Amino acid sequence: MTPSIIKIVDEDHQIAKLSAIAVALSLIEFFFPSPIPGIKPGIANIIILYSIFKFNYSIGIWVSLIRVFVTSIIIGTFLSPTFFLSLSGAMFSLLSILIFKNYNKNHFSLIGISLVASLAHIIGQFIVVRIWIIPHNGILYLLPLFLISSFIFGIVNGAITQKLLTLNVKK
Amino acid sequence: MQKILLLIRDFKPGDWIIIIFFLFFILMTIKFFLNFPNGQYLKIQKNSEVLGIYSLNQQNIKIIKGQRGVSEIVINNGKVRFTKAPCKKQYCIHQGWISKINQMIVCIPNQISISIIGDKETHDSINY
Amino acid sequence: MQQNILLMLSNKLIVFIIISFLLACDSNLIYQKKDFIFGTMIEIKIYGEDKTKSDIVSSEILEEFHRLHQLLHSWEKSSITEINQAILKKQPINIDNEIIHIIKDAQLLEKKTQSLFNPAIGKLIALWGFHSDHLPSSIPNRKKIINLVKSFPKMEDISIKDHLLISKNQNVQIDLGGYAKGYSLDQAKKILRQNNIKNALINIGGNILAIGQHGNRDWVVGIQHPRAPNAIASISLKPGWSIGTSGDYQKYFLAEPSDTSNEFILVKNQRYSHLINPHTGFPENKTQSATILIPPSDNSGVLSDVLSKPLFIETKDQKITLAKKLNINHFLIIMADGSVMISQNMLNEINWYDEPDAKNIITD
């Protein structure tokens, strides 16, 4: 057996672990019925946020993208419109976090970051839907509803992530 | 309840700005859509192809064949809804009645959508 | 603190811009220009071009329409009225190549439609009072009508040698009212092509030509209801197709028949439209409207204007045969009693707003 050329570092282990949890959470969410299609708590985002602020941004990107790809492959929606929605949401929210990640801890808490990411996520998805999937202005009627759920879950997820980060520090 | 109060105390000033902005944005979109008047016509489409336009001033049932099967649409004096659909989760039916201009319900698996259009007919020009 | 807030605000600003862009998305790509030429409404829509170019091209088109107005007008001073005056004086007249082409084309179409399309009956149309911007109000002298019909003015009476036009029938007066709009559409088509405009919709007094598409869907056109102030249906015009309608609801007047001859049906306030049957001398009143679709061709504009008339005028039993003879596969005819004759091809593509109860579907 030739020695492997790719060196696996600790970081990779972290990414793998975090991605696995994120995918698991996504799958749980998938099997949990939601009254309105598209409205989800987005609990996998807790892991993404955690990855970024516990470790670093690039780990966060990896975890996020792996989560999107693997979840869609397992569920069977790979390369479907749903997949692209998930991907665009992830990309927009990652982008928004990029702007805020060097936040001053006295000015923003993780809740704020989570809200921004959540808003960017839903806007990103609406852009893709409006331009590509359902090119009518009618779908914008759903915007208020999605914004409200984004708002609520943004706060909830942010709070949970905050808690997780402080718990780990104590260790 | 106390947990929530504790949580709020942890908010930083930047957070509040984001929260206010977000809520403001939500209110604006709600206001924008509340301002749409009630519609006059129902437009049934299969993807982007228009299958028919019907007056909302009637009580009628439309049976439409889509990609997966038959969708049933009810028009009831100003409002419309899906009542039967060949999809598993039946989201389109759960959405209930729509009546305002630009409101729309899509049954994605069957590729059938119903939307409300206003008095103005949706054509680019008129031949006479 | 300020730096972060600035970033956050700019983030939100981007969001706002994106949302408003989406909402305004479609309207930015449509250019629209309206004008009033030929005594009728002109509407030009251009899709997906920048405003400057659209302005330039639509100006060019409208200029061309003004030129054609002055060239072909039926009663205001024009090249055509000059020819008509010469014919009245029994004098030959010199004409240019464009007029030669138009007259020869009209002669061909007259023959093809067995004179149901007959642009030589200008005298008859004037007699009924339709050579004016105001609508007439009374029925002309019956004897005059009959005499004119007896003399049977037709385009065939005109002959052109070199550039000299002469008519052997003094009662010939050319009225290109049912031809000019279509001809203008074809001219507009050329201008659009020369300027590389790929997507446009031209509406001249209801006669419409579709070039390309409205974005990623076809141009959609409403068809006016002959007796109501709304559209009776809409239909997509595939790229290059045109639509024309002859109807009795635009230019008409109501009057009580002054004559008690048994050739007339005595109806109080009968409708008299500008669509006069050259064979009887009277406005045709058994049809409310005839709409046709014409596939793309160099003179599809003319065809969409001209060919709806014979279909309108022809008797009910002969309409279908005529449509077939004229190669018209898409037609919608609404008879005086409101019943509808529609070809299968047309039915396949039409979207009813106000679906008629009595439909006679013509298949071949």
# chains A, B, ... in the order shown; residues from 1 in each chain; ligands from 1
>>> interface_residues(of="chain B", to="chain C", cutoff="7 Å", atoms="only C-alpha atoms", output="list in words")
Gly52, Ile53, Tyr54, His123, Asp124, Ser125, Ile126, Asn127 and Tyr128 of chain B
>>> write_last_selection(atoms="C-alpha atoms", output="PDB file, in the first residue's frame")
ATOM      1  CA  GLY B  52     -57.618  29.569 -19.297  1.00  0.00           C
ATOM      2  CA  ILE B  53     -58.824  32.782 -17.741  1.00  0.00           C
ATOM      3  CA  TYR B  54     -62.094  32.737 -15.868  1.00  0.00           C
ATOM      4  CA  HIS B 123     -52.167  40.996 -23.093  1.00  0.00           C
ATOM      5  CA  ASP B 124     -49.517  43.135 -24.740  1.00  0.00           C
ATOM      6  CA  SER B 125     -51.843  44.846 -27.215  1.00  0.00           C
ATOM      7  CA  ILE B 126     -55.343  44.562 -28.579  1.00  0.00           C
ATOM      8  CA  ASN B 127     -56.488  43.684 -32.057  1.00  0.00           C
ATOM      9  CA  TYR B 128     -59.669  45.278 -33.409  1.00  0.00           C
TER      10      TYR B 128
END
>>> interface_residues(of="chain B", to="chain A", cutoff="7 Å", atoms="only C-alpha atoms", output="number ranges by chain")
B: 11-15, 18, 26, 29-30, 33, 91, 102-104
>>> write_last_selection(atoms="N, CA and C atoms", output="PDB file, in the first residue's frame")
ATOM      1  N   PHE B  11     -28.477  41.241  24.201  1.00  0.00           N
ATOM      2  CA  PHE B  11     -28.402  41.884  22.897  1.00  0.00           C
ATOM      3  C   PHE B  11     -27.507  43.109  22.954  1.00  0.00           C
ATOM      4  N   LYS B  12     -26.716  43.233  21.899  1.00  0.00           N
ATOM      5  CA  LYS B  12     -25.864  44.395  21.794  1.00  0.00           C
ATOM      6  C   LYS B  12     -26.540  45.447  20.923  1.00  0.00           C
ATOM      7  N   PRO B  13     -26.059  46.673  20.972  1.00  0.00           N
ATOM      8  CA  PRO B  13     -26.686  47.741  20.180  1.00  0.00           C
ATOM      9  C   PRO B  13     -26.789  47.410  18.689  1.00  0.00           C
ATOM     10  N   GLY B  14     -25.735  46.830  18.125  1.00  0.00           N
ATOM     11  CA  GLY B  14     -25.778  46.460  16.720  1.00  0.00           C
ATOM     12  C   GLY B  14     -26.912  45.496  16.426  1.00  0.00           C
ATOM     13  N   ASP B  15     -27.123  44.576  17.358  1.00  0.00           N
ATOM     14  CA  ASP B  15     -28.208  43.612  17.192  1.00  0.00           C
ATOM     15  C   ASP B  15     -29.549  44.315  17.071  1.00  0.00           C
ATOM     16  N   ILE B  18     -30.174  45.755  13.760  1.00  0.00           N
ATOM     17  CA  ILE B  18     -30.559  44.712  12.793  1.00  0.00           C
ATOM     18  C   ILE B  18     -32.009  44.296  13.012  1.00  0.00           C
ATOM     19  N   ILE B  26     -40.080  43.729   7.155  1.00  0.00           N
ATOM     20  CA  ILE B  26     -41.250  42.849   7.142  1.00  0.00           C
ATOM     21  C   ILE B  26     -42.529  43.673   7.030  1.00  0.00           C
ATOM     22  N   THR B  29     -43.072  45.009   3.494  1.00  0.00           N
ATOM     23  CA  THR B  29     -43.548  44.045   2.505  1.00  0.00           C
ATOM     24  C   THR B  29     -45.006  43.704   2.759  1.00  0.00           C
ATOM     25  N   ILE B  30     -45.395  43.613   4.026  1.00  0.00           N
ATOM     26  CA  ILE B  30     -46.800  43.321   4.325  1.00  0.00           C
ATOM     27  C   ILE B  30     -47.687  44.445   3.801  1.00  0.00           C
ATOM     28  N   PHE B  33     -48.181  44.408   0.067  1.00  0.00           N
ATOM     29  CA  PHE B  33     -49.098  43.416  -0.466  1.00  0.00           C
ATOM     30  C   PHE B  33     -50.532  43.622  -0.018  1.00  0.00           C
ATOM     31  N   TYR B  91     -49.803  20.494  -0.441  1.00  0.00           N
ATOM     32  CA  TYR B  91     -49.565  21.859   0.047  1.00  0.00           C
ATOM     33  C   TYR B  91     -50.501  22.849  -0.608  1.00  0.00           C
ATOM     34  N   ASN B 102     -52.388  39.151  -8.036  1.00  0.00           N
ATOM     35  CA  ASN B 102     -51.014  38.666  -7.949  1.00  0.00           C
ATOM     36  C   ASN B 102     -50.846  37.499  -6.995  1.00  0.00           C
ATOM     37  N   GLN B 103     -51.883  37.207  -6.201  1.00  0.00           N
ATOM     38  CA  GLN B 103     -51.783  36.023  -5.350  1.00  0.00           C
ATOM     39  C   GLN B 103     -51.761  34.797  -6.236  1.00  0.00           C
ATOM     40  N   MET B 104     -51.028  33.795  -5.779  1.00  0.00           N
ATOM     41  CA  MET B 104     -50.875  32.633  -6.636  1.00  0.00           C
ATOM     42  C   MET B 104     -50.569  31.393  -5.824  1.00  0.00           C
TER      43      MET B 104
END
>>> atom_distance(atom1="atom CA of Asp175 of chain C", atom2="atom CA of Ile333 of chain C")
24.5 Å
>>> select_by_dssp(residues="chain B", states="alpha helix (DSSP H)", output="PyMOL selection string")
chain B and resi 2-9+13-34+91-94
>>> residues_around(residues="Ile211 of chain C", least_positions_apart="5", cutoff="9 Å", atoms="only C-alpha atoms", output="PyMOL selection string")
chain C and resi 189+192+197-202+219+237-242
>>> residues_around(residues="Ile294 of chain C", least_positions_apart="5", cutoff="10 Å", atoms="only C-alpha atoms", output="ChimeraX atom specification")
/C:209,237,240-244,299-305,307,327-331
>>> closest_residue(among="A:Phe153, A:Lys7, A:Asn102, A:Gln162", to="chain C", atoms="only C-alpha atoms")
A:Asn102
>>> atom_distance(atom1="atom CA of Ala106 of chain C", atom2="atom CA of Leu71 of chain C")
15.4 Å
>>> residues_around(residues="Ile98 of chain B", least_positions_apart="3", cutoff="7 Å", atoms="only C-alpha atoms", output="ChimeraX atom specification")
/B:79-81,103
>>> residues_around(residues="Ala255 of chain C", least_positions_apart="5", cutoff="8 Å", atoms="only C-alpha atoms", output="list in words")
Ser137, Ser138, Ile139, Lys268, Asn269, Gln270, Arg271 and Tyr272 of chain C
>>> write_last_selection(atoms="C-alpha atoms", output="PDB file, in the first residue's frame")
ATOM      1  CA  SER C 137     -75.456  59.858 -40.018  1.00  0.00           C
ATOM      2  CA  SER C 138     -77.756  59.091 -42.909  1.00  0.00           C
ATOM      3  CA  ILE C 139     -78.155  56.635 -45.717  1.00  0.00           C
ATOM      4  CA  LYS C 268     -85.124  50.287 -36.577  1.00  0.00           C
ATOM      5  CA  ASN C 269     -81.659  51.739 -36.156  1.00  0.00           C
ATOM      6  CA  GLN C 270     -79.800  49.314 -38.311  1.00  0.00           C
ATOM      7  CA  ARG C 271     -76.035  49.390 -38.078  1.00  0.00           C
ATOM      8  CA  TYR C 272     -74.199  50.608 -41.165  1.00  0.00           C
TER       9      TYR C 272
END
>>> select_by_dssp(residues="chain B", states="strand (DSSP E or B)", output="VMD selection string")
chain B and resid 38 41 to 46 49 to 55 59 to 65 70 to 76 79 to 84 98 100 104 to 107 112 to 117 125 to 127
>>> residues_around(residues="Leu275 of chain C", least_positions_apart="5", cutoff="10 Å", atoms="only C-alpha atoms", output="PyMOL selection string")
chain C and resi 125+130+178+246-248+251-252+281-285+309-310+312-313
>>> write_last_selection(atoms="N, CA and C atoms", output="CSV table (one decimal), in the first residue's frame")
chain,number,residue,atom,x,y,z
C,125,ILE,N,-67.6,54.4,-51.0
C,125,ILE,CA,-67.3,54.6,-49.6
C,125,ILE,C,-67.5,56.1,-49.3
C,130,PHE,N,-68.0,57.8,-45.5
C,130,PHE,CA,-66.9,57.4,-44.6
C,130,PHE,C,-65.6,58.0,-45.1
C,178,GLY,N,-58.2,49.5,-46.7
C,178,GLY,CA,-58.1,48.1,-46.2
C,178,GLY,C,-56.7,47.5,-46.6
C,246,SER,N,-61.6,42.5,-39.5
C,246,SER,CA,-62.5,43.4,-40.1
C,246,SER,C,-63.7,43.3,-39.2
C,247,GLY,N,-64.2,44.5,-38.7
C,247,GLY,CA,-65.3,44.5,-37.8
C,247,GLY,C,-66.2,45.6,-38.0
C,248,ASP,N,-67.5,45.4,-37.6
C,248,ASP,CA,-68.5,46.5,-37.8
C,248,ASP,C,-68.6,47.4,-36.6
C,251,LYS,N,-66.1,51.7,-37.1
C,251,LYS,CA,-66.6,52.8,-37.9
C,251,LYS,C,-68.0,52.4,-38.4
C,252,TYR,N,-69.0,53.0,-37.8
C,252,TYR,CA,-70.3,52.7,-38.2
C,252,TYR,C,-71.3,53.8,-37.8
C,281,GLY,N,-73.1,47.2,-52.9
C,281,GLY,CA,-73.1,48.6,-52.6
C,281,GLY,C,-73.5,49.0,-51.2
C,282,PHE,N,-73.9,48.0,-50.4
C,282,PHE,CA,-74.3,48.3,-49.1
C,282,PHE,C,-73.3,47.7,-48.0
C,283,PRO,N,-73.3,48.3,-46.9
C,283,PRO,CA,-72.4,47.7,-45.8
C,283,PRO,C,-72.9,46.3,-45.5
C,284,GLU,N,-72.0,45.5,-45.2
C,284,GLU,CA,-72.3,44.1,-44.9
C,284,GLU,C,-72.8,44.0,-43.5
C,285,ASN,N,-73.9,43.4,-43.2
C,285,ASN,CA,-74.4,43.4,-41.8
C,285,ASN,C,-74.7,42.0,-41.3
C,309,LYS,N,-61.2,41.2,-44.9
C,309,LYS,CA,-62.4,41.8,-45.5
C,309,LYS,C,-63.3,40.8,-46.3
C,310,PRO,N,-62.7,40.1,-47.3
C,310,PRO,CA,-63.5,39.1,-48.0
C,310,PRO,C,-64.2,38.1,-47.1
C,312,PHE,N,-65.1,38.6,-44.1
C,312,PHE,CA,-66.2,39.4,-43.4
C,312,PHE,C,-67.4,39.5,-44.3
C,313,ILE,N,-67.1,39.8,-45.6
C,313,ILE,CA,-68.2,40.1,-46.5
C,313,ILE,C,-68.9,38.9,-47.1
